[in-house]
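Trainee: Sending over coords_38.cif (mmCIF, C-alpha atoms).
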data_input
#
loop_
_atom_site.label_atom_id
_atom_site.label_comp_id
_atom_site.auth_asym_id
_atom_site.auth_seq_id
_atom_site.Cartn_x
_atom_site.Cartn_y
_atom_site.Cartn_z
CA MET G 30 20.43 -32.73 -30.93
CA GLU G 31 17.55 -35.23 -30.51
CA LYS G 32 19.79 -37.74 -28.76
CA ARG G 33 21.05 -35.06 -26.40
CA LEU G 34 17.51 -34.01 -25.43
CA ILE G 35 16.42 -37.61 -24.80
CA CYS G 36 19.52 -38.16 -22.62
CA LEU G 37 18.74 -34.99 -20.66
CA GLY G 38 15.12 -36.03 -20.15
CA ALA G 39 16.07 -39.48 -18.93
CA CYS G 40 18.68 -38.00 -16.58
CA ILE G 41 16.31 -35.53 -14.93
CA THR G 42 13.56 -38.17 -14.61
CA VAL G 43 15.92 -40.58 -12.84
CA THR G 44 17.25 -37.75 -10.65
CA ALA G 45 13.70 -36.71 -9.73
CA PHE G 46 12.78 -40.25 -8.63
CA ILE G 47 16.03 -40.67 -6.64
CA LEU G 48 15.46 -37.28 -4.97
CA ALA G 49 11.85 -38.13 -4.09
CA PHE G 50 12.92 -41.48 -2.63
CA ALA G 51 15.72 -39.80 -0.64
CA LEU G 52 13.44 -37.02 0.64
CA ILE G 53 10.90 -39.54 1.92
CA TYR G 54 13.32 -42.03 3.46
CA THR G 55 15.46 -39.42 5.22
CA GLY G 56 12.27 -38.11 6.82
CA ILE G 57 12.45 -34.61 5.33
CA VAL G 58 8.98 -34.87 3.75
CA PRO G 59 6.18 -36.95 5.31
CA LEU G 60 5.02 -40.24 3.78
CA ALA G 61 1.20 -40.32 3.96
CA PRO G 62 0.83 -38.74 7.44
CA THR G 63 -2.32 -39.64 9.38
CA GLY G 64 -2.47 -36.60 11.65
CA ASN G 65 -1.82 -32.88 11.84
CA ARG G 66 1.22 -31.10 13.24
CA PRO G 67 0.78 -29.46 16.70
CA LEU G 68 0.81 -25.95 15.20
CA ALA G 69 -1.99 -26.82 12.75
CA THR G 70 -4.03 -28.40 15.56
CA MET G 71 -3.56 -25.25 17.64
CA PHE G 72 -4.89 -23.01 14.83
CA LEU G 73 -7.76 -25.38 13.97
CA GLU G 74 -8.89 -25.65 17.59
CA SER G 75 -8.57 -22.01 18.61
CA THR G 76 -9.90 -20.10 15.58
CA PHE G 77 -13.62 -20.63 16.26
CA ASN G 78 -13.34 -21.41 19.98
CA ALA G 79 -15.42 -18.91 21.96
CA GLU G 80 -14.19 -20.46 25.24
CA LYS G 81 -10.63 -19.35 24.42
CA TRP G 82 -11.78 -15.83 23.51
CA TRP G 83 -8.29 -14.37 23.96
CA ILE G 84 -6.82 -16.20 20.95
CA TRP G 85 -9.86 -16.75 18.77
CA ALA G 86 -10.66 -15.03 15.47
CA GLY G 87 -14.43 -15.51 15.50
CA SER G 88 -14.59 -17.15 12.07
CA PRO G 89 -15.16 -20.78 11.08
CA GLU G 90 -12.83 -20.28 8.08
CA VAL G 91 -9.35 -21.05 9.44
CA VAL G 92 -7.49 -19.95 6.29
CA THR G 93 -9.13 -16.50 6.21
CA SER G 94 -8.55 -16.12 9.95
CA ILE G 95 -4.83 -16.79 9.61
CA LEU G 96 -4.64 -14.64 6.47
CA TRP G 97 -6.35 -11.52 7.88
CA ASP G 98 -6.02 -11.93 11.65
CA TYR G 99 -3.05 -13.96 12.87
CA ARG G 100 -0.83 -12.99 9.92
CA GLY G 101 -2.69 -9.79 8.99
CA ILE G 102 0.26 -7.44 8.43
CA ASP G 103 1.84 -10.01 6.12
CA THR G 104 -1.27 -9.90 3.92
CA VAL G 105 -1.38 -6.10 3.94
CA TYR G 106 2.21 -6.01 2.64
CA GLU G 107 1.36 -8.67 0.06
CA THR G 108 -1.50 -6.48 -1.21
CA THR G 109 0.95 -3.56 -1.31
CA VAL G 110 3.40 -5.61 -3.39
CA PHE G 111 0.64 -6.35 -5.90
CA PHE G 112 -0.25 -2.64 -5.94
CA LEU G 113 3.41 -1.74 -6.59
CA ALA G 114 3.53 -4.24 -9.48
CA ILE G 115 0.50 -2.53 -11.05
CA ILE G 116 2.11 0.89 -10.48
CA GLY G 117 5.25 -0.43 -12.21
CA ALA G 118 3.16 -1.72 -15.12
CA ILE G 119 1.45 1.68 -15.47
CA THR G 120 4.84 3.40 -15.37
CA VAL G 121 5.90 1.32 -18.39
CA VAL G 122 2.90 2.57 -20.40
CA ARG G 123 2.57 5.96 -18.68
CA THR G 124 2.18 8.11 -21.82
CA MET G 125 -0.45 5.84 -23.34
CA LYS G 126 -3.89 7.43 -23.75
CA LEU G 127 -6.65 4.83 -23.89
CA LEU G 128 -9.57 6.45 -25.73
CA PRO G 129 -12.45 4.63 -27.49
CA GLU G 130 -11.14 5.86 -30.87
CA THR G 131 -7.68 4.38 -30.29
CA SER G 132 -8.66 1.05 -28.73
CA GLY G 133 -9.25 -1.14 -31.75
CA LYS G 134 -12.00 -1.48 -34.34
CA GLY G 135 -14.51 -2.98 -31.89
CA LYS G 136 -15.74 -5.80 -34.12
CA GLY G 137 -15.65 -8.79 -31.77
CA LEU G 138 -16.68 -12.40 -32.41
CA THR G 139 -19.95 -13.83 -33.79
CA VAL G 140 -23.45 -13.10 -32.45
CA ILE G 141 -23.57 -16.45 -30.58
CA ALA G 142 -20.35 -15.75 -28.69
CA LYS G 143 -21.45 -12.19 -27.96
CA THR G 144 -24.83 -13.27 -26.53
CA ILE G 145 -23.25 -15.94 -24.30
CA THR G 146 -20.66 -13.40 -23.11
CA LYS G 147 -23.38 -10.89 -22.23
CA ILE G 148 -25.13 -13.51 -20.06
CA THR G 149 -21.93 -14.59 -18.31
CA PHE G 150 -20.88 -10.96 -17.85
CA ALA G 151 -23.95 -10.50 -15.67
CA ALA G 152 -23.39 -13.77 -13.76
CA ILE G 153 -19.66 -13.60 -12.98
CA PRO G 154 -19.68 -10.42 -10.80
CA ILE G 155 -22.60 -11.80 -8.76
CA ILE G 156 -20.72 -15.03 -8.02
CA ALA G 157 -17.54 -13.09 -7.26
CA PHE G 158 -19.40 -10.81 -4.84
CA SER G 159 -20.92 -13.87 -3.17
CA ILE G 160 -17.45 -15.41 -2.72
CA ALA G 161 -16.19 -12.14 -1.18
CA VAL G 162 -19.16 -11.72 1.18
CA HIS G 163 -18.94 -15.35 2.38
CA GLY G 164 -15.13 -15.16 2.66
CA HIS G 165 -15.19 -15.61 6.45
CA LEU G 166 -17.69 -18.52 6.32
CA THR G 167 -16.78 -20.73 3.35
CA PRO G 168 -13.57 -21.38 1.39
CA GLY G 169 -12.64 -18.29 -0.60
CA GLY G 170 -12.08 -14.67 0.24
CA GLY G 171 -11.25 -11.27 -1.14
CA PHE G 172 -8.42 -12.27 -3.43
CA GLN G 173 -10.19 -15.29 -4.88
CA ALA G 174 -13.33 -13.22 -5.47
CA GLY G 175 -11.33 -10.47 -7.18
CA SER G 176 -9.64 -12.98 -9.47
CA ALA G 177 -13.04 -14.46 -10.34
CA PHE G 178 -14.43 -10.97 -11.06
CA ALA G 179 -11.53 -10.09 -13.38
CA VAL G 180 -12.55 -12.92 -15.71
CA ALA G 181 -15.59 -10.81 -16.75
CA PRO G 182 -13.66 -7.93 -18.41
CA LEU G 183 -11.25 -10.48 -19.91
CA LEU G 184 -14.20 -12.28 -21.54
CA VAL G 185 -15.59 -8.98 -22.83
CA ILE G 186 -12.19 -8.07 -24.33
CA ALA G 187 -11.99 -11.45 -26.05
CA ALA G 188 -15.58 -11.82 -27.29
CA LEU G 189 -16.91 -8.27 -27.68
CA SER G 190 -14.06 -5.75 -27.83
CA LEU G 191 -11.76 -3.54 -25.80
CA ARG G 192 -13.38 -0.52 -27.43
CA LEU G 193 -16.77 -1.34 -25.88
CA LEU G 194 -15.19 -1.74 -22.45
CA VAL G 195 -13.44 1.65 -22.72
CA GLU G 196 -16.63 3.30 -24.02
CA ARG G 197 -18.54 1.94 -21.01
CA GLY G 198 -16.12 3.72 -18.68
CA TRP G 199 -13.54 1.07 -17.76
CA GLU G 200 -10.77 3.65 -18.03
CA LYS G 201 -7.23 3.51 -16.71
CA GLU G 202 -7.62 6.34 -14.22
CA ARG G 203 -10.97 5.16 -12.85
CA LEU G 204 -9.77 1.56 -12.30
CA LEU G 205 -6.60 2.83 -10.62
CA ALA G 206 -8.70 5.06 -8.37
CA LEU G 207 -10.85 2.05 -7.37
CA ARG G 208 -7.69 0.01 -6.72
CA THR G 209 -6.30 2.77 -4.50
CA THR G 210 -9.64 3.09 -2.68
CA GLY G 211 -9.52 -0.61 -1.83
CA LEU G 212 -5.99 -0.30 -0.45
CA ILE G 213 -6.92 2.81 1.58
CA LEU G 214 -9.96 0.97 3.01
CA ILE G 215 -7.69 -1.91 4.08
CA GLY G 216 -5.42 0.65 5.76
CA ILE G 217 -8.37 2.27 7.56
CA ILE G 218 -9.68 -1.10 8.80
CA ALA G 219 -6.16 -1.99 9.95
CA ILE G 220 -6.03 1.01 12.31
CA ILE G 221 -9.71 1.22 13.26
CA VAL G 222 -9.37 -1.05 16.32
CA PRO G 223 -6.31 0.81 17.75
CA VAL G 224 -8.12 4.15 17.22
CA LEU G 225 -11.23 2.89 19.01
CA ALA G 226 -9.00 1.54 21.81
CA ILE G 227 -7.25 4.90 22.25
CA LEU G 228 -10.64 6.65 22.45
CA ARG G 229 -11.58 4.22 25.26
CA HIS G 230 -8.20 4.65 27.02
CA SER G 231 -7.19 1.09 26.22
CA ILE G 232 -4.55 -0.46 23.96
CA ALA G 233 -4.75 -2.57 20.78
CA TYR G 234 -2.49 -3.74 18.00
CA ILE G 235 -2.59 -2.78 14.31
CA MET G 236 -4.67 -5.36 12.36
CA GLN G 237 -6.19 -6.64 15.62
CA ASN G 238 -9.53 -8.35 15.14
CA GLN G 239 -10.85 -9.76 18.43
CA ALA G 240 -10.08 -8.71 22.00
CA LYS G 241 -6.97 -10.14 23.65
CA LEU G 242 -6.25 -10.58 27.37
CA TRP G 243 -3.51 -7.91 27.26
CA ALA G 244 -5.26 -5.70 24.65
CA PRO G 245 -8.98 -5.77 25.48
CA ALA G 246 -10.35 -4.07 22.37
CA GLY G 247 -11.85 -5.40 19.17
CA LEU G 248 -14.88 -5.52 16.93
CA SER G 249 -17.37 -8.10 18.12
CA ALA G 250 -17.81 -11.24 16.03
CA ILE G 251 -21.61 -11.13 16.04
CA VAL G 252 -23.09 -7.80 14.94
CA ASN G 253 -26.69 -6.63 14.91
CA VAL G 254 -27.51 -5.81 11.28
CA PHE G 255 -31.01 -4.30 10.99
CA GLY G 256 -32.18 -6.22 14.02
CA ILE G 257 -30.76 -9.59 12.87
CA LYS G 258 -27.78 -11.06 14.67
CA SER G 259 -25.18 -11.78 11.99
CA LEU G 260 -21.77 -13.44 12.22
CA LEU G 261 -19.40 -10.92 10.57
CA SER G 262 -16.22 -12.06 12.42
CA GLY G 263 -15.12 -8.53 13.35
CA THR G 264 -12.81 -7.02 10.75
CA LEU G 265 -12.57 -10.11 8.51
CA PHE G 266 -15.81 -9.34 6.58
CA TRP G 267 -14.78 -5.73 5.83
CA LEU G 268 -11.20 -6.70 4.94
CA ASN G 269 -12.51 -9.31 2.48
CA LEU G 270 -14.79 -6.72 0.84
CA SER G 271 -11.97 -4.15 0.52
CA GLU G 272 -9.59 -6.76 -0.88
CA PHE G 273 -12.30 -7.77 -3.37
CA LEU G 274 -12.58 -4.18 -4.56
CA ALA G 275 -8.81 -3.76 -4.75
CA VAL G 276 -7.99 -7.01 -6.56
CA SER G 277 -10.91 -6.87 -9.03
CA ALA G 278 -10.08 -3.30 -10.07
CA GLY G 279 -6.34 -4.02 -10.21
CA LEU G 280 -6.64 -7.16 -12.34
CA SER G 281 -9.20 -5.51 -14.66
CA LEU G 282 -6.75 -2.61 -15.10
CA VAL G 283 -3.94 -5.04 -15.98
CA PHE G 284 -6.10 -6.85 -18.55
CA VAL G 285 -7.29 -3.58 -20.14
CA LEU G 286 -3.72 -2.29 -20.40
CA LEU G 287 -2.35 -5.59 -21.78
CA ALA G 288 -5.10 -5.71 -24.42
CA ALA G 289 -4.45 -2.16 -25.63
CA PRO G 290 -3.13 -1.89 -29.22
CA THR G 291 0.62 -1.32 -29.28
CA LYS G 292 0.35 1.80 -31.46
CA ASN G 293 -0.92 3.60 -28.36
CA PHE G 294 2.45 3.15 -26.69
CA ASP G 295 5.11 5.76 -26.19
CA LYS G 296 6.54 7.09 -29.44
CA GLU G 297 10.06 7.07 -27.94
CA VAL G 298 10.01 3.27 -27.75
CA LYS G 299 10.31 2.60 -31.48
CA VAL G 300 10.68 -0.66 -33.34
CA GLN G 301 14.23 -0.96 -34.68
CA MET J 18 4.16 -50.71 -0.28
CA ILE J 19 1.80 -49.42 -3.00
CA LYS J 20 1.13 -46.34 -0.85
CA ASP J 21 4.90 -45.71 -0.68
CA ILE J 22 5.18 -45.94 -4.46
CA VAL J 23 2.26 -43.53 -4.94
CA TRP J 24 3.77 -40.95 -2.62
CA ILE J 25 7.20 -41.28 -4.23
CA TYR J 26 5.42 -40.75 -7.55
CA TYR J 27 3.74 -37.54 -6.25
CA TYR J 28 7.00 -36.03 -5.06
CA ALA J 29 8.96 -37.26 -8.10
CA SER J 30 6.49 -35.70 -10.55
CA LEU J 31 6.64 -32.39 -8.71
CA ILE J 32 10.46 -32.45 -8.67
CA LEU J 33 10.44 -33.42 -12.36
CA ILE J 34 8.23 -30.43 -13.26
CA THR J 35 10.57 -28.21 -11.23
CA PHE J 36 13.58 -29.46 -13.23
CA MET J 37 11.74 -29.03 -16.52
CA SER J 38 10.68 -25.48 -15.73
CA ILE J 39 14.24 -24.58 -14.66
CA TYR J 40 15.42 -26.06 -17.98
CA GLY J 41 12.88 -23.92 -19.80
CA ILE J 42 13.91 -20.74 -17.97
CA ALA J 43 17.62 -21.37 -18.60
CA VAL J 44 17.70 -22.80 -22.13
CA ARG J 45 14.67 -21.57 -24.13
CA PRO J 46 15.56 -18.30 -25.90
CA ASN J 47 12.00 -16.89 -26.11
CA LEU J 48 11.14 -14.50 -23.29
CA LEU J 49 7.45 -15.48 -23.32
CA LYS J 50 8.38 -19.15 -22.83
CA LYS J 51 10.69 -18.15 -19.97
CA ILE J 52 7.79 -16.30 -18.28
CA ILE J 53 5.43 -19.27 -18.77
CA MET J 54 8.03 -21.62 -17.29
CA LEU J 55 8.56 -19.26 -14.33
CA SER J 56 4.83 -19.33 -13.54
CA ILE J 57 4.86 -23.16 -13.83
CA LEU J 58 7.81 -23.24 -11.40
CA SER J 59 5.98 -21.09 -8.83
CA ASP J 60 2.82 -23.20 -9.20
CA THR J 61 4.84 -26.38 -8.62
CA ALA J 62 6.36 -24.92 -5.46
CA ASN J 63 2.85 -24.00 -4.25
CA MET J 64 1.60 -27.50 -5.05
CA LEU J 65 4.48 -29.00 -3.03
CA ALA J 66 3.59 -26.77 -0.06
CA VAL J 67 -0.08 -27.83 -0.19
CA LEU J 68 0.95 -31.51 -0.45
CA LEU J 69 3.05 -31.12 2.72
CA GLY J 70 -0.08 -30.03 4.62
CA TYR J 71 -2.14 -33.02 3.45
CA HIS J 72 -2.91 -36.07 5.58
CA THR J 73 -4.67 -39.32 4.75
CA LEU J 74 -7.04 -39.58 7.73
CA SER J 75 -10.24 -38.72 5.77
CA PRO J 76 -9.10 -35.15 4.99
CA LYS J 77 -11.61 -32.28 5.12
CA PRO J 78 -11.15 -28.58 4.23
CA PRO J 79 -9.98 -26.40 7.14
CA VAL J 80 -13.40 -24.73 7.50
CA TYR J 81 -15.65 -25.51 10.44
CA PRO J 82 -18.77 -26.97 8.74
CA GLY J 83 -22.15 -25.30 8.89
CA GLY J 84 -21.11 -21.69 9.36
CA THR J 85 -23.65 -19.15 8.04
CA PHE J 86 -24.45 -15.49 8.71
CA SER J 87 -27.10 -16.56 11.22
CA THR J 88 -24.72 -18.72 13.28
CA THR J 89 -24.85 -17.51 16.88
CA GLN J 90 -23.99 -20.76 18.71
CA PHE J 91 -20.26 -21.46 18.80
CA PRO J 92 -19.00 -25.08 18.83
CA SER J 93 -17.77 -26.72 22.01
CA GLN J 94 -14.18 -27.76 22.71
CA ARG J 95 -14.98 -31.43 21.98
CA GLN J 96 -16.51 -30.68 18.57
CA LEU J 97 -13.50 -28.53 17.70
CA SER J 98 -11.07 -31.30 18.71
CA THR J 99 -12.85 -33.71 16.34
CA PHE J 100 -12.76 -31.07 13.60
CA ALA J 101 -9.02 -30.46 14.17
CA GLN J 102 -8.36 -34.18 13.82
CA TYR J 103 -9.89 -34.41 10.34
CA ALA J 104 -9.21 -30.99 8.75
CA VAL J 105 -6.02 -30.60 6.75
CA ASP J 106 -3.20 -28.24 7.75
CA PRO J 107 -4.33 -24.63 7.02
CA ILE J 108 -0.89 -22.99 7.27
CA PRO J 109 0.51 -24.17 3.88
CA GLN J 110 -2.73 -23.01 2.25
CA VAL J 111 -2.33 -19.53 3.74
CA LEU J 112 1.29 -19.35 2.59
CA VAL J 113 0.20 -20.50 -0.88
CA VAL J 114 -2.47 -17.78 -1.13
CA THR J 115 0.21 -15.20 -0.30
CA ALA J 116 2.67 -16.79 -2.74
CA ILE J 117 0.08 -16.81 -5.55
CA VAL J 118 -0.51 -13.08 -5.17
CA ILE J 119 3.23 -12.35 -5.16
CA GLY J 120 3.65 -14.63 -8.20
CA LEU J 121 0.84 -12.77 -9.95
CA ALA J 122 2.51 -9.44 -9.21
CA VAL J 123 5.77 -10.72 -10.72
CA LEU J 124 3.88 -12.11 -13.73
CA VAL J 125 2.08 -8.79 -14.34
CA PHE J 126 5.31 -6.82 -14.23
CA LEU J 127 7.22 -9.32 -16.42
CA SER J 128 4.48 -9.33 -19.05
CA PHE J 129 4.59 -5.53 -19.30
CA VAL J 130 8.39 -5.65 -19.60
CA ALA J 131 7.99 -8.27 -22.37
CA VAL J 132 5.57 -5.96 -24.22
CA LEU J 133 8.10 -3.14 -23.91
CA ILE J 134 11.00 -5.31 -25.13
CA TYR J 135 8.97 -6.46 -28.13
CA ARG J 136 8.04 -2.86 -28.88
CA ARG J 137 11.68 -1.77 -28.77
CA TYR J 138 13.47 -4.67 -30.50
CA GLY J 139 10.73 -6.27 -32.59
CA THR J 140 11.42 -9.75 -31.19
CA LEU J 141 11.27 -11.73 -27.95
CA ASP J 142 14.25 -13.96 -28.83
CA MET J 143 16.71 -13.11 -26.07
CA ARG J 144 19.76 -13.94 -28.26
CA VAL J 145 18.73 -11.28 -30.80
CA VAL J 146 17.71 -8.84 -28.07
CA SER J 147 21.06 -9.10 -26.28
CA LYS J 148 22.95 -8.72 -29.59
CA LYS J 149 20.97 -5.58 -30.48
CA ALA J 150 21.37 -4.16 -26.98
CA ARG J 151 25.14 -4.70 -27.17
CA GLN J 152 25.26 -2.87 -30.50
CA GLU J 153 23.36 0.03 -28.96
CA VAL J 154 25.92 0.35 -26.16
CA LYS J 155 28.73 0.49 -28.72
#
Written as structure tokens, how would this file's structure read?

Mentor:
Amino acid sequence: MEKRLICLGACITVTAFILAFALIYTGIVPLAPTGNRPLATMFLESTFNAEKWWIWAGSPEVVTSILWDYRGIDTVYETTVFFLAIIGAITVVRTMKLLPETSGKGKGLTVIAKTITKITFAAIPIIAFSIAVHGHLTPGGGFQAGSAFAVAPLLVIAALSLRLLVERGWEKERLLALRTTGLILIGIIAIIVPVLAILRHSIAYIMQNQAKLWAPAGLSAIVNVFGIKSLLSGTLFWLNLSEFLAVSAGLSLVFVLLAAPTKNFDKEVKVQ
Amino acid sequence: MIKDIVWIYYYASLILITFMSIYGIAVRPNLLKKIIMLSILSDTANMLAVLLGYHTLSPKPPVYPGGTFSTTQFPSQRQLSTFAQYAVDPIPQVLVVTAIVIGLAVLVFLSFVAVLIYRRYGTLDMRVVSKKARQEVK
């Protein structure tokens, strides 16, 4: 058995090196390229280029611009896939009632761990919100911020208890409602530019951000917020905030459900 | 020559991790280990995509520097051309963000299915689970 495993390991190592060598020297993958491809250069030059206003996205963050503007519908469907996965997970545990009495003893770890967790529980959501709000200016965005936020309930489950989290109102139905609200907000922002365009007897596409030559409608990149000119990049800011709400609520829901004691599950699914 | 060897090493290690995770998915009997190996496989694929967008000419993140909420002056064409020369390819990064979310969705669903299977059969060993399931059908 040992000899067989060692043979297998040696074989796949040699195969990996031969494949890497072949991939590089047949030109399929680049060997230390010193420049960008034309498509990448096009995106990098046009995203924040106010002179080419018909293809710009109004945001210095090229990744967020491609994610929510150039390939916006793709991202909406991706969010929907994640939502469907959560719906599927809830379907598996649909008869489970998560009450404070049935969610563990609520003992938690030592006082030191609890105190540290309380401090970080205050800090993590603030950082996550900052990542979401600056999603169109610095690296990051709605999804990254939501993933960062979901660490907070996970820490509370590990160090304090699930019971405390459920007592404080992190219930299944409420988190699912927040998740759905985020998705509905994304849907509303997706159609807000076409609706505005129809009201002005113009045309626009779904998920359109800035005005195009052939569809002259869009939210302006710089908005007056309480008398201060702010760069909000049209729909990108609002889409990042909605995605933050959706992903943070969805991931928190998943963690709460996965941490629930198994005796809460459906009685029909018995241990054999 | 050393640069060639380093790049062959990058690609070879990624391909090696791919092989190892496929081995884990196919051969390991424990469902939890299969799920872990599947997530490692998707992360390796994402890493390969990001590596394809990398270049060695003093790479910078694909974010135009200095953007804040109070930015009202947009950069000129010449500044943007310089930026486009040094920033790395943003398209693989966008695809990877999408792929991570899809991978997370798959992971969430698979972990709930694993909880259900453990609840029903009392084990995650797929050999035992398939034997018990076959007995149930009979």

Trainee: Would you list the contacts of segment 86-90 of chain J as a PDB file with C-alpha atoms, keeping the file's coordinate frame, taking every protein, DNA or RNA residue within 8 Å and counting all atoms listed in the file, but skipping same-chain residues closer than 4 positions in sequence?

Mentor:
ATOM      1  CA  LEU G 166     -17.690 -18.520   6.320  1.00  0.00           C
ATOM      2  CA  ILE G 251     -21.610 -11.130  16.040  1.00  0.00           C
ATOM      3  CA  LYS G 258     -27.780 -11.060  14.670  1.00  0.00           C
ATOM      4  CA  SER G 259     -25.180 -11.780  11.990  1.00  0.00           C
ATOM      5  CA  LEU G 260     -21.770 -13.440  12.220  1.00  0.00           C
ATOM      6  CA  LEU G 261     -19.400 -10.920  10.570  1.00  0.00           C
TER       7      LEU G 261
END

Trainee: Find the spatial neighbours of segment 127-130 of chain J, counting all atoms listed in the file, within a cut-off of 8 Å - ignore same-chain residues fewer than 6 positions away - and output them as a ChimeraX atom specification.

Mentor: /G:118,121,287 /J:52

Trainee: Near chain J, which residues of chain G fall within 7 Å when you count all atoms listed in the file, and what do they look like as a ChimeraX atom specification?

Mentor: /G:41-42,45-46,49-50,60-65,69-70,73-74,78-79,89-92,95-96,104,107,110-111,114,117-118,166-168,258-260,298-301

Trainee: Go ahead and compute the interatomic distance for atom CA of Gly135 of chain G and atom CA of Ser277 of chain G, in Å to one decimal.

Mentor: 23.5 Å

Trainee: Give me, please, the distance in Å between atom CA of Trp267 of chain G and atom CA of Gly279 of chain G, quoted to one decimal.

Mentor: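 Atom CA of Gly279 of chain G lies at a distance of 18.2 Å from atom CA of Trp267 of chain G.
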
Trainee: Would you kindly translate the PyMOL selection byres ((chain G and resi 218-231) around 9) into the concrete residues it picks from this file, as a count of residues only?

Mentor: 23

Trainee: Could the centre and edge lengths of an axis-aligned box, enclosing all atoms of segment 66-85 of chain J in the file with 3 Å extra on each side, be given in Å to one decimal as lines of an AutoDock Vina configuration file?

Mentor:
center_x = -10.0
center_y = -29.4
center_z = 5.0
size_x = 33.2
size_y = 26.4
size_z = 16.9

Trainee: Can you measure atom CA of Pro154 of chain G to atom CA of Phe178 of chain G for me? One decimal in Å is fine.

Mentor: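 Going from atom CA of Pro154 of chain G over to atom CA of Phe178 of chain G covers 5.3 Å.
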
Trainee: Can you spell out as a ChimeraX atom specification the set of residues that the PyMOL selection byres ((chain G and resi 156-158) around 7) selects in the structure I just provided?

Mentor: /G:152-155,159-162,174-175,177-178

Trainee: Residues within 12 Å of Leu191 of chain G, please, as a PyMOL selection string. Count only C-alpha atoms; anything in the same chain fewer than 5 positions from it doesn't count.

Mentor: chain G and resi 127-137+182-186+196-200+281-282+284-290

Trainee: From the options G:Ile145, G:Trp243, G:Phe112, G:Thr124, which residue's atoms come nearest to Ala278 of chain G, counting all atoms listed in the file?

Mentor: G:Phe112

Trainee: With distances taken over all atoms listed in the file, which residue among J:Val146, J:Leu65, J:Leu141, J:Met18 lies nearest Leu48 of chain J?

Mentor: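 Among J:Val146, J:Leu65, J:Leu141, J:Met18, it is J:Leu141 that comes nearest to Leu48 of chain J.
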